[in-house]
file coords.cif (mmCIF, C-alpha atoms)
data_run
loop_
_atom_site.label_atom_id
_atom_site.label_comp_id
_atom_site.auth_asym_id
_atom_site.auth_seq_id
_atom_site.Cartn_x
_atom_site.Cartn_y
_atom_site.Cartn_z
CA MET T 27 -13.95 -37.93 -63.37
CA ALA T 28 -11.62 -38.31 -60.39
CA THR T 29 -11.36 -35.41 -57.97
CA LEU T 30 -8.08 -33.48 -57.70
CA SER T 31 -7.60 -34.85 -54.21
CA GLU T 32 -7.94 -38.42 -55.51
CA LEU T 33 -5.53 -37.69 -58.37
CA LYS T 34 -2.95 -36.29 -55.97
CA LYS T 35 -3.15 -39.39 -53.77
CA GLN T 36 -2.67 -41.60 -56.84
CA LEU T 37 0.22 -39.44 -58.02
CA ILE T 38 2.00 -39.76 -54.68
CA ALA T 39 1.30 -43.48 -54.28
CA HIS T 40 1.74 -44.74 -57.83
CA PRO T 41 2.71 -42.18 -60.53
CA THR T 42 2.19 -44.26 -63.70
CA ASP T 43 2.65 -42.98 -67.27
CA GLU T 44 -1.09 -43.47 -67.79
CA LEU T 45 -1.87 -41.25 -64.82
CA LEU T 46 0.49 -38.53 -66.06
CA GLU T 47 -1.17 -38.68 -69.50
CA THR T 48 -4.58 -38.38 -67.84
CA LEU T 49 -3.45 -35.28 -65.97
CA ALA T 50 -1.92 -33.75 -69.10
CA ALA T 51 -5.25 -34.17 -70.92
CA ASP T 52 -7.34 -32.88 -68.01
CA PRO T 53 -8.56 -29.32 -68.83
CA ARG T 54 -8.96 -28.30 -65.18
CA VAL T 55 -6.48 -25.67 -63.92
CA GLY T 56 -6.06 -27.64 -60.72
CA ALA T 57 -5.05 -30.74 -62.69
CA GLN T 58 -2.42 -28.79 -64.62
CA ASN T 59 -1.11 -27.29 -61.37
CA LEU T 60 -0.92 -30.79 -59.93
CA LEU T 61 1.07 -31.99 -62.94
CA ASP T 62 3.43 -29.00 -62.65
CA TRP T 63 3.89 -29.76 -58.95
CA TYR T 64 4.79 -33.38 -59.69
CA GLN T 65 7.24 -32.44 -62.44
CA ARG T 66 8.98 -29.88 -60.18
CA ARG T 67 9.17 -32.47 -57.43
CA GLN T 68 10.72 -34.99 -59.81
CA SER T 69 13.25 -32.43 -61.06
CA GLU T 70 14.25 -31.60 -57.49
CA ALA T 71 14.60 -35.30 -56.64
CA GLU T 72 16.78 -35.89 -59.69
CA ALA T 73 18.96 -32.90 -58.79
CA GLU T 74 19.35 -34.17 -55.21
CA ALA T 75 20.30 -37.63 -56.49
CA LEU T 76 22.95 -36.17 -58.80
CA ASP T 77 24.25 -33.99 -55.98
CA LEU T 78 24.47 -36.97 -53.63
CA GLN T 79 26.28 -38.98 -56.32
CA TYR T 80 28.79 -36.16 -56.82
CA ARG T 81 29.45 -35.69 -53.10
CA SER T 82 29.96 -39.43 -52.58
CA ARG T 83 32.53 -39.78 -55.38
CA TYR T 84 35.47 -40.17 -53.00
CA GLU T 85 33.64 -42.82 -51.00
CA HIS T 86 32.73 -44.78 -54.13
CA GLU T 87 36.33 -44.61 -55.30
CA LEU T 88 37.63 -45.97 -51.99
CA TRP T 89 34.91 -48.38 -50.82
CA PRO T 90 36.02 -51.38 -52.93
CA LYS T 91 39.36 -51.41 -51.11
CA PHE T 92 38.38 -49.67 -47.86
CA PRO T 93 34.80 -50.65 -46.88
CA HIS T 94 34.76 -48.68 -43.63
CA ILE T 95 35.53 -45.04 -44.42
CA ALA T 96 35.33 -42.51 -41.62
CA GLY T 97 34.64 -38.88 -42.41
CA ILE T 98 36.09 -36.47 -39.84
CA ASP T 99 35.34 -32.81 -39.26
CA GLU T 100 35.50 -30.18 -36.52
CA VAL T 101 33.41 -27.27 -35.33
CA GLY T 102 34.52 -24.40 -33.13
CA ARG T 103 38.10 -23.40 -33.94
CA GLY T 104 37.24 -19.71 -34.21
CA PRO T 105 35.18 -18.92 -31.08
CA LEU T 106 36.57 -17.17 -28.00
CA ALA T 107 34.80 -19.58 -25.64
CA GLY T 108 33.79 -23.21 -25.42
CA PRO T 109 35.38 -26.36 -26.80
CA VAL T 110 36.30 -27.57 -30.23
CA VAL T 111 34.05 -30.53 -31.05
CA THR T 112 35.15 -33.11 -33.59
CA CYS T 113 33.24 -36.02 -35.05
CA ALA T 114 34.03 -39.20 -36.96
CA VAL T 115 31.25 -40.91 -38.91
CA ILE T 116 31.25 -44.19 -40.86
CA LEU T 117 28.27 -44.25 -43.20
CA ARG T 118 26.61 -47.25 -44.78
CA HIS T 119 27.29 -47.66 -48.49
CA ASP T 120 23.60 -47.19 -49.28
CA CYS T 121 23.28 -43.91 -47.39
CA GLN T 122 20.74 -41.62 -49.08
CA LEU T 123 20.64 -38.82 -46.52
CA PRO T 124 20.97 -35.32 -48.05
CA VAL T 125 23.99 -34.41 -45.92
CA ASN T 126 26.03 -31.37 -46.82
CA ASP T 127 28.41 -28.88 -45.26
CA SER T 128 26.69 -27.96 -41.97
CA LYS T 129 27.28 -24.27 -42.70
CA GLN T 130 25.06 -24.56 -45.79
CA LEU T 131 22.14 -25.92 -43.75
CA THR T 132 19.70 -24.18 -41.45
CA ARG T 133 19.59 -25.07 -37.77
CA HIS T 134 16.27 -26.82 -38.41
CA GLU T 135 17.80 -28.90 -41.22
CA ARG T 136 20.77 -29.89 -39.03
CA GLU T 137 18.50 -30.84 -36.14
CA HIS T 138 16.41 -32.96 -38.53
CA LEU T 139 19.42 -34.76 -40.00
CA TYR T 140 21.28 -35.29 -36.71
CA PRO T 141 19.18 -38.21 -35.35
CA LEU T 142 18.98 -39.78 -38.81
CA ILE T 143 22.77 -39.78 -39.15
CA VAL T 144 23.30 -41.11 -35.63
CA SER T 145 20.72 -43.89 -36.05
CA GLN T 146 21.63 -44.94 -39.60
CA ALA T 147 25.45 -44.70 -39.58
CA LEU T 148 27.59 -47.74 -38.84
CA ALA T 149 29.49 -45.74 -36.24
CA VAL T 150 29.61 -42.21 -34.83
CA SER T 151 32.13 -40.86 -32.33
CA ILE T 152 32.80 -37.46 -30.76
CA GLY T 153 36.11 -35.93 -29.70
CA VAL T 154 36.33 -32.77 -27.59
CA ALA T 155 39.14 -30.34 -26.85
CA ASP T 156 38.09 -27.97 -24.08
CA ASN T 157 39.37 -24.43 -23.66
CA HIS T 158 42.13 -25.56 -21.29
CA MET T 159 43.52 -27.99 -23.85
CA ILE T 160 43.23 -25.31 -26.53
CA ASP T 161 45.19 -22.84 -24.38
CA ARG T 162 47.79 -25.47 -23.56
CA GLU T 163 48.30 -27.08 -26.97
CA ASN T 164 47.24 -24.27 -29.37
CA ILE T 165 44.01 -24.43 -31.33
CA TYR T 166 45.30 -26.39 -34.33
CA HIS T 167 47.03 -29.15 -32.36
CA ALA T 168 44.16 -29.42 -29.88
CA THR T 169 41.81 -29.96 -32.81
CA GLU T 170 44.09 -32.68 -34.21
CA LEU T 171 44.14 -34.46 -30.84
CA ALA T 172 40.34 -34.27 -30.56
CA MET T 173 40.02 -35.73 -34.07
CA GLY T 174 42.35 -38.55 -33.05
CA ASP T 175 40.14 -39.27 -30.02
CA ALA T 176 37.04 -39.39 -32.21
CA VAL T 177 38.66 -41.91 -34.54
CA ALA T 178 40.04 -44.02 -31.69
CA HIS T 179 36.61 -44.42 -30.08
CA LEU T 180 34.65 -45.49 -33.15
CA ARG T 181 32.91 -48.79 -32.40
CA VAL T 182 33.75 -49.98 -35.93
CA ALA T 183 37.43 -49.76 -36.84
CA PRO T 184 37.88 -47.53 -39.90
CA ASP T 185 39.94 -48.66 -42.89
CA PHE T 186 40.45 -45.15 -44.26
CA LEU T 187 39.89 -41.55 -43.14
CA LEU T 188 38.57 -38.63 -45.15
CA VAL T 189 39.41 -35.43 -43.30
CA ASP T 190 38.36 -31.84 -43.84
CA ALA T 191 41.64 -29.98 -44.50
CA MET T 192 43.53 -31.37 -41.50
CA HIS T 193 45.73 -34.30 -40.48
CA VAL T 194 44.54 -36.81 -37.89
CA PRO T 195 47.20 -38.31 -35.58
CA SER T 196 46.29 -41.89 -36.44
CA ALA T 197 47.95 -44.87 -38.13
CA VAL T 198 44.86 -45.31 -40.33
CA PRO T 199 45.53 -44.19 -43.94
CA GLN T 200 43.88 -40.87 -44.70
CA ARG T 201 43.22 -38.23 -47.31
CA LYS T 202 42.93 -34.51 -46.63
CA LEU T 203 40.18 -32.81 -48.65
CA ILE T 204 39.86 -29.06 -49.07
CA HIS T 205 36.24 -28.07 -48.42
CA GLY T 206 35.72 -31.69 -47.53
CA ASP T 207 32.42 -31.07 -45.76
CA ALA T 208 30.92 -29.98 -49.09
CA ASN T 209 32.68 -32.65 -51.16
CA SER T 210 32.26 -35.81 -49.10
CA ILE T 211 29.06 -37.21 -47.64
CA SER T 212 31.04 -38.78 -44.78
CA ILE T 213 32.71 -35.50 -43.82
CA GLY T 214 29.44 -33.64 -44.35
CA ALA T 215 27.68 -36.01 -41.93
CA ALA T 216 30.47 -35.51 -39.38
CA SER T 217 30.19 -31.73 -39.71
CA ILE T 218 26.45 -31.86 -38.99
CA VAL T 219 26.83 -34.02 -35.88
CA ALA T 220 29.73 -31.93 -34.55
CA LYS T 221 27.80 -28.69 -35.14
CA VAL T 222 24.64 -29.89 -33.41
CA VAL T 223 26.58 -31.25 -30.43
CA ARG T 224 28.59 -28.06 -29.99
CA ASP T 225 25.59 -25.77 -30.44
CA ARG T 226 23.72 -27.66 -27.74
CA LEU T 227 26.70 -27.33 -25.41
CA MET T 228 26.85 -23.58 -25.98
CA VAL T 229 23.11 -23.21 -25.36
CA MET T 230 23.67 -25.04 -22.05
CA TYR T 231 26.58 -22.72 -21.22
CA ASP T 232 24.36 -19.72 -21.92
CA GLY T 233 22.28 -20.76 -18.92
CA ILE T 234 25.37 -21.13 -16.74
CA TYR T 235 27.07 -17.93 -17.92
CA PRO T 236 24.34 -15.43 -18.87
CA GLY T 237 25.30 -12.10 -20.38
CA TYR T 238 27.53 -13.33 -23.23
CA ASP T 239 24.76 -14.40 -25.64
CA PHE T 240 26.31 -17.86 -26.06
CA LYS T 241 22.99 -19.34 -27.22
CA ASP T 242 23.11 -17.17 -30.35
CA ASN T 243 26.82 -16.53 -31.01
CA MET T 244 28.03 -20.01 -29.95
CA GLY T 245 31.12 -18.40 -28.42
CA TYR T 246 32.18 -16.36 -31.45
CA GLY T 247 33.36 -12.81 -30.85
CA THR T 248 30.17 -10.90 -31.61
CA LYS T 249 29.47 -7.43 -30.20
CA LYS T 250 27.20 -8.88 -27.48
CA HIS T 251 29.91 -11.37 -26.53
CA LEU T 252 32.62 -8.69 -26.36
CA ASP T 253 30.29 -6.44 -24.39
CA GLY T 254 29.76 -9.33 -21.97
CA LEU T 255 33.52 -9.73 -21.59
CA ASP T 256 33.83 -6.03 -20.77
CA ARG T 257 30.99 -6.13 -18.27
CA TYR T 258 31.32 -9.52 -16.59
CA GLY T 259 34.90 -10.59 -17.31
CA VAL T 260 36.31 -13.95 -18.33
CA THR T 261 34.46 -17.19 -17.57
CA GLU T 262 35.74 -20.69 -16.95
CA ILE T 263 35.08 -21.65 -20.58
CA HIS T 264 36.90 -18.73 -22.25
CA ARG T 265 40.09 -19.33 -24.21
CA THR T 266 42.67 -17.14 -22.51
CA SER T 267 45.19 -17.67 -25.32
CA PHE T 268 42.90 -15.77 -27.73
CA SER T 269 43.76 -12.07 -27.77
CA PRO T 270 40.30 -10.55 -27.05
CA VAL T 271 39.98 -12.80 -23.97
CA ARG T 272 43.57 -12.15 -22.91
CA GLU T 273 42.98 -8.41 -23.20
CA ALA T 274 39.75 -8.65 -21.18
CA ALA T 275 41.51 -10.65 -18.47
CA SER T 276 44.22 -8.00 -18.14
CA ARG T 277 41.77 -5.13 -17.59
#

call {"tool": "encode", "arguments": {"input": "coords.cif", "output": "structure tokens"}}
result
Amino acid sequence: MATLSELKKQLIAHPTDELLETLAADPRVGAQNLLDWYQRRQSEAEAEALDLQYRSRYEHELWPKFPHIAGIDEVGRGPLAGPVVTCAVILRHDCQLPVNDSKQLTRHEREHLYPLIVSQALAVSIGVADNHMIDRENIYHATELAMGDAVAHLRVAPDFLLVDAMHVPSAVPQRKLIHGDANSISIGAASIVAKVVRDRLMVMYDGIYPGYDFKDNMGYGTKKHLDGLDRYGVTEIHRTSFSPVREAASR
């Protein structure tokens, strides 16, 4: 009789019906646990496949007419400091990466997916609106301009844009999707790349401007950040058009 270790190796390498029947008939508790593990794994894989199919429905609808679809998203409209980072991603039609709204993923999951997206996508581009542009243009328009930059610098020209709840200043035809990062794999991929890029920038800024807890709050108005504003004042990366920063600057 094969050992449980041997059965597991066979199950991973070549899970035949005969092997599953052998496990089902094996009276050992370990064999039954192994069969349960395999069945759970299969159920999870099937659920992930269905989820990926659902979240790529817009792409599949558009790809026959528009083969190069760019998903566009932004990160960082709400913080008091740092830039807005936007991203445009054109995925391959056979993309199988489990991308999702970056807010639904852990930092570890985003960091794992980031290099896979960048290496496997047809094109990835970043657009940035710094705090000065945000103060000058207002946060919404600055984000639009940064999205336009991301699209303009894609190395593959997009045929169509899927955008998360905004309009991109571009002549390329586009569709605005509410909660697009959770409903489109292209937008979801863009949200992950934008989030990782911005988080890394804010961690870098934490070293330049200690005392605001940028590495943990990413520029959002947490208590530690507001305490830092009270104690150390406004930095070169703060958005002076945002009321908490404006109030701190006037004290």

call {"tool": "atom_distance", "arguments": {"input": "coords.cif", "atom1": "atom CA of T:Leu188", "atom2": "atom CA of T:Ser210"}}
result
8.0 Å

call {"tool": "closest_residue", "arguments": {"input": "coords.cif", "among": "T:Ala168, T:Leu76, T:Ile263, T:Ile38", "to": "T:Pro124", "atoms": "all atoms listed in the file"}}
result
T:Leu76

call {"tool": "atom_distance", "arguments": {"input": "coords.cif", "atom1": "atom CA of T:Pro90", "atom2": "atom CA of T:Asp207"}}
result
21.8 Å

call {"tool": "residues_near_point", "arguments": {"input": "coords.cif", "point": "(47.6, -37.9, -34.3)", "cutoff": "7 Å", "atoms": "all atoms listed in the file", "output": "PyMOL selection string"}}
result
chain T and resi 170-171+174+194-196

call {"tool": "atom_distance", "arguments": {"input": "coords.cif", "atom1": "atom CA of T:Asp127", "atom2": "atom CA of T:Ala215"}}
result
7.9 Å

call {"tool": "closest_residue", "arguments": {"input": "coords.cif", "among": "T:Ala216, T:Val110, T:Ile211, T:Leu148", "to": "T:Asn164", "atoms": "all atoms listed in the file"}}
result
T:Val110

call {"tool": "residues_around", "arguments": {"input": "coords.cif", "residues": "T:Ile116", "least_positions_apart": "3", "cutoff": "6 Å", "atoms": "only C-alpha atoms", "output": "PDB file with C-alpha atoms, in the coordinates of the input"}}
result
ATOM      1  CA  ILE T  95      35.530 -45.040 -44.420  1.00  0.00           C
ATOM      2  CA  ALA T  96      35.330 -42.510 -41.620  1.00  0.00           C
ATOM      3  CA  ALA T 147      25.450 -44.700 -39.580  1.00  0.00           C
ATOM      4  CA  LEU T 148      27.590 -47.740 -38.840  1.00  0.00           C
ATOM      5  CA  ALA T 149      29.490 -45.740 -36.240  1.00  0.00           C
TER       6      ALA T 149
END

call {"tool": "resolve_selection", "arguments": {"input": "coords.cif", "expression": "the PyMOL selection byres ((chain T and resi 113) around 6)", "output": "VMD selection string"}}
result
chain T and resid 98 to 99 112 114 151 to 152 176 216 220

call {"tool": "resolve_selection", "arguments": {"input": "coords.cif", "expression": "the PyMOL selection byres ((chain T and resi 160) around 10)", "output": "JSON list (two decimals) with C-alpha atoms, in the frame of the given file"}}
result
[["chain", "number", "residue", "atom", "x", "y", "z"],
["T", 103, "ARG", "CA", 38.10, -23.40, -33.94],
["T", 108, "GLY", "CA", 33.79, -23.21, -25.42],
["T", 109, "PRO", "CA", 35.38, -26.36, -26.80],
["T", 110, "VAL", "CA", 36.30, -27.57, -30.23],
["T", 155, "ALA", "CA", 39.14, -30.34, -26.85],
["T", 156, "ASP", "CA", 38.09, -27.97, -24.08],
["T", 157, "ASN", "CA", 39.37, -24.43, -23.66],
["T", 158, "HIS", "CA", 42.13, -25.56, -21.29],
["T", 159, "MET", "CA", 43.52, -27.99, -23.85],
["T", 161, "ASP", "CA", 45.19, -22.84, -24.38],
["T", 162, "ARG", "CA", 47.79, -25.47, -23.56],
["T", 163, "GLU", "CA", 48.30, -27.08, -26.97],
["T", 164, "ASN", "CA", 47.24, -24.27, -29.37],
["T", 165, "ILE", "CA", 44.01, -24.43, -31.33],
["T", 166, "TYR", "CA", 45.30, -26.39, -34.33],
["T", 167, "HIS", "CA", 47.03, -29.15, -32.36],
["T", 168, "ALA", "CA", 44.16, -29.42, -29.88],
["T", 169, "THR", "CA", 41.81, -29.96, -32.81],
["T", 265, "ARG", "CA", 40.09, -19.33, -24.21],
["T", 266, "THR", "CA", 42.67, -17.14, -22.51],
["T", 267, "SER", "CA", 45.19, -17.67, -25.32],
["T", 268, "PHE", "CA", 42.90, -15.77, -27.73]]

call {"tool": "closest_residue", "arguments": {"input": "coords.cif", "among": "T:Leu187, T:Val222, T:His94, T:Val229", "to": "T:Val144", "atoms": "only C-alpha atoms"}}
result
T:Val222

call {"tool": "residues_near_point", "arguments": {"input": "coords.cif", "point": "(32.2, -10.9, -24.0)", "cutoff": "10 Å", "atoms": "only C-alpha atoms", "output": "list of chain:residue names"}}
result
T:Leu106, T:Ala107, T:Gly237, T:Tyr238, T:Asp239, T:Phe240, T:Gly245, T:Tyr246, T:Gly247, T:Thr248, T:Lys249, T:Lys250, T:His251, T:Leu252, T:Asp253, T:Gly254, T:Leu255, T:Asp256, T:Arg257, T:Tyr258, T:Gly259, T:Val260, T:Thr261, T:His264, T:Pro270, T:Val271, T:Ala274

call {"tool": "closest_residue", "arguments": {"input": "coords.cif", "among": "T:Leu123, T:Leu180, T:Ser269, T:Glu262", "to": "T:Leu78", "atoms": "all atoms listed in the file"}}
result
T:Leu123

call {"tool": "residues_around", "arguments": {"input": "coords.cif", "residues": "T:Gln65", "least_positions_apart": "3", "cutoff": "12 Å", "atoms": "only C-alpha atoms", "output": "list of chain:residue names"}}
result
T:Leu37, T:Ile38, T:Pro41, T:Leu46, T:Leu49, T:Ala50, T:Gln58, T:Asn59, T:Leu60, T:Leu61, T:Asp62, T:Gln68, T:Ser69, T:Glu70, T:Ala71, T:Glu72

call {"tool": "closest_residue", "arguments": {"input": "coords.cif", "among": "T:Lys221, T:His86, T:His119, T:His40", "to": "T:Leu139", "atoms": "all atoms listed in the file"}}
result
T:Lys221

call {"tool": "closest_residue", "arguments": {"input": "coords.cif", "among": "T:Met192, T:Val125, T:Val115, T:Val55", "to": "T:Asp77", "atoms": "only C-alpha atoms"}}
result
T:Val125

call {"tool": "residues_around", "arguments": {"input": "coords.cif", "residues": "T:Ala28", "least_positions_apart": "5", "cutoff": "12 Å", "atoms": "all atoms listed in the file", "output": "ChimeraX atom specification"}}
result
/T:33-36,45,48-49,52,54,57

call {"tool": "resolve_selection", "arguments": {"input": "coords.cif", "expression": "the PyMOL selection byres ((chain T and resi 186) around 10)", "output": "list in words"}}
result
Glu85, Leu88, Trp89, Lys91, Phe92, Pro93, His94, Ile95, Ala96, Gly97, Ile116, Ala183, Pro184, Asp185, Leu187, Leu188, Val189, Ala197, Val198, Pro199, Gln200 and Arg201 of chain T

call {"tool": "write_last_selection", "arguments": {"input": "coords.cif", "atoms": "C-alpha atoms", "output": "PDB file, in the frame of the given file"}}
result
ATOM      1  CA  GLU T  85      33.640 -42.820 -51.000  1.00  0.00           C
ATOM      2  CA  LEU T  88      37.630 -45.970 -51.990  1.00  0.00           C
ATOM      3  CA  TRP T  89      34.910 -48.380 -50.820  1.00  0.00           C
ATOM      4  CA  LYS T  91      39.360 -51.410 -51.110  1.00  0.00           C
ATOM      5  CA  PHE T  92      38.380 -49.670 -47.860  1.00  0.00           C
ATOM      6  CA  PRO T  93      34.800 -50.650 -46.880  1.00  0.00           C
ATOM      7  CA  HIS T  94      34.760 -48.680 -43.630  1.00  0.00           C
ATOM      8  CA  ILE T  95      35.530 -45.040 -44.420  1.00  0.00           C
ATOM      9  CA  ALA T  96      35.330 -42.510 -41.620  1.00  0.00           C
ATOM     10  CA  GLY T  97      34.640 -38.880 -42.410  1.00  0.00           C
ATOM     11  CA  ILE T 116      31.250 -44.190 -40.860  1.00  0.00           C
ATOM     12  CA  ALA T 183      37.430 -49.760 -36.840  1.00  0.00           C
ATOM     13  CA  PRO T 184      37.880 -47.530 -39.900  1.00  0.00           C
ATOM     14  CA  ASP T 185      39.940 -48.660 -42.890  1.00  0.00           C
ATOM     15  CA  LEU T 187      39.890 -41.550 -43.140  1.00  0.00           C
ATOM     16  CA  LEU T 188      38.570 -38.630 -45.150  1.00  0.00           C
ATOM     17  CA  VAL T 189      39.410 -35.430 -43.300  1.00  0.00           C
ATOM     18  CA  ALA T 197      47.950 -44.870 -38.130  1.00  0.00           C
ATOM     19  CA  VAL T 198      44.860 -45.310 -40.330  1.00  0.00           C
ATOM     20  CA  PRO T 199      45.530 -44.190 -43.940  1.00  0.00           C
ATOM     21  CA  GLN T 200      43.880 -40.870 -44.700  1.00  0.00           C
ATOM     22  CA  ARG T 201      43.220 -38.230 -47.310  1.00  0.00           C
TER      23      ARG T 201
END

call {"tool": "decode", "arguments": {"input": "coords.cif", "residues": "stretch 44-60 of chain T", "atoms": "N, CA, C and O atoms", "output": "short mmCIF file (atom, residue, chain, number, x, y, z; two decimals), in the first residue's frame"}}
result
data_model
loop_
_atom_site.label_atom_id
_atom_site.label_comp_id
_atom_site.auth_asym_id
_atom_site.auth_seq_id
_atom_site.Cartn_x
_atom_site.Cartn_y
_atom_site.Cartn_z
N GLU T 44 -9.07 7.11 -10.97
CA GLU T 44 -8.66 5.87 -10.30
C GLU T 44 -8.00 6.17 -8.96
O GLU T 44 -8.26 5.49 -7.95
N LEU T 45 -7.17 7.21 -8.94
CA LEU T 45 -6.50 7.58 -7.70
C LEU T 45 -7.50 8.07 -6.66
O LEU T 45 -7.42 7.74 -5.47
N LEU T 46 -8.48 8.86 -7.10
CA LEU T 46 -9.50 9.36 -6.18
C LEU T 46 -10.33 8.20 -5.62
O LEU T 46 -10.70 8.20 -4.44
N GLU T 47 -10.62 7.21 -6.46
CA GLU T 47 -11.36 6.03 -5.99
C GLU T 47 -10.54 5.23 -4.99
O GLU T 47 -11.07 4.71 -3.99
N THR T 48 -9.24 5.17 -5.23
CA THR T 48 -8.34 4.47 -4.30
C THR T 48 -8.34 5.15 -2.94
O THR T 48 -8.41 4.50 -1.88
N LEU T 49 -8.28 6.47 -2.94
CA LEU T 49 -8.30 7.23 -1.70
C LEU T 49 -9.64 7.05 -0.97
O LEU T 49 -9.68 6.90 0.25
N ALA T 50 -10.73 7.08 -1.73
CA ALA T 50 -12.06 6.95 -1.13
C ALA T 50 -12.22 5.60 -0.44
O ALA T 50 -12.92 5.49 0.58
N ALA T 51 -11.56 4.57 -0.99
CA ALA T 51 -11.68 3.22 -0.42
C ALA T 51 -10.64 2.94 0.65
O ALA T 51 -10.71 1.91 1.33
N ASP T 52 -9.69 3.85 0.82
CA ASP T 52 -8.61 3.65 1.80
C ASP T 52 -9.15 3.92 3.20
O ASP T 52 -9.65 5.01 3.48
N PRO T 53 -9.07 2.97 4.13
CA PRO T 53 -9.65 3.15 5.47
C PRO T 53 -8.84 4.06 6.38
O PRO T 53 -9.32 4.46 7.44
N ARG T 54 -7.63 4.41 6.01
CA ARG T 54 -6.80 5.23 6.88
C ARG T 54 -7.36 6.65 7.02
O ARG T 54 -7.82 7.25 6.04
N VAL T 55 -7.33 7.19 8.23
CA VAL T 55 -7.82 8.56 8.48
C VAL T 55 -7.04 9.57 7.65
O VAL T 55 -7.61 10.50 7.08
N GLY T 56 -5.73 9.33 7.56
CA GLY T 56 -4.90 10.25 6.78
C GLY T 56 -5.29 10.28 5.32
O GLY T 56 -5.26 11.34 4.68
N ALA T 57 -5.70 9.14 4.78
CA ALA T 57 -6.12 9.07 3.38
C ALA T 57 -7.42 9.85 3.18
O ALA T 57 -7.59 10.56 2.17
N GLN T 58 -8.34 9.73 4.14
CA GLN T 58 -9.60 10.47 4.03
C GLN T 58 -9.37 11.97 4.17
O GLN T 58 -10.02 12.78 3.49
N ASN T 59 -8.44 12.34 5.07
CA ASN T 59 -8.09 13.76 5.20
C ASN T 59 -7.47 14.29 3.92
O ASN T 59 -7.73 15.43 3.51
N LEU T 60 -6.66 13.46 3.29
CA LEU T 60 -6.03 13.85 2.02
C LEU T 60 -7.08 14.06 0.93
O LEU T 60 -7.02 15.02 0.16
#
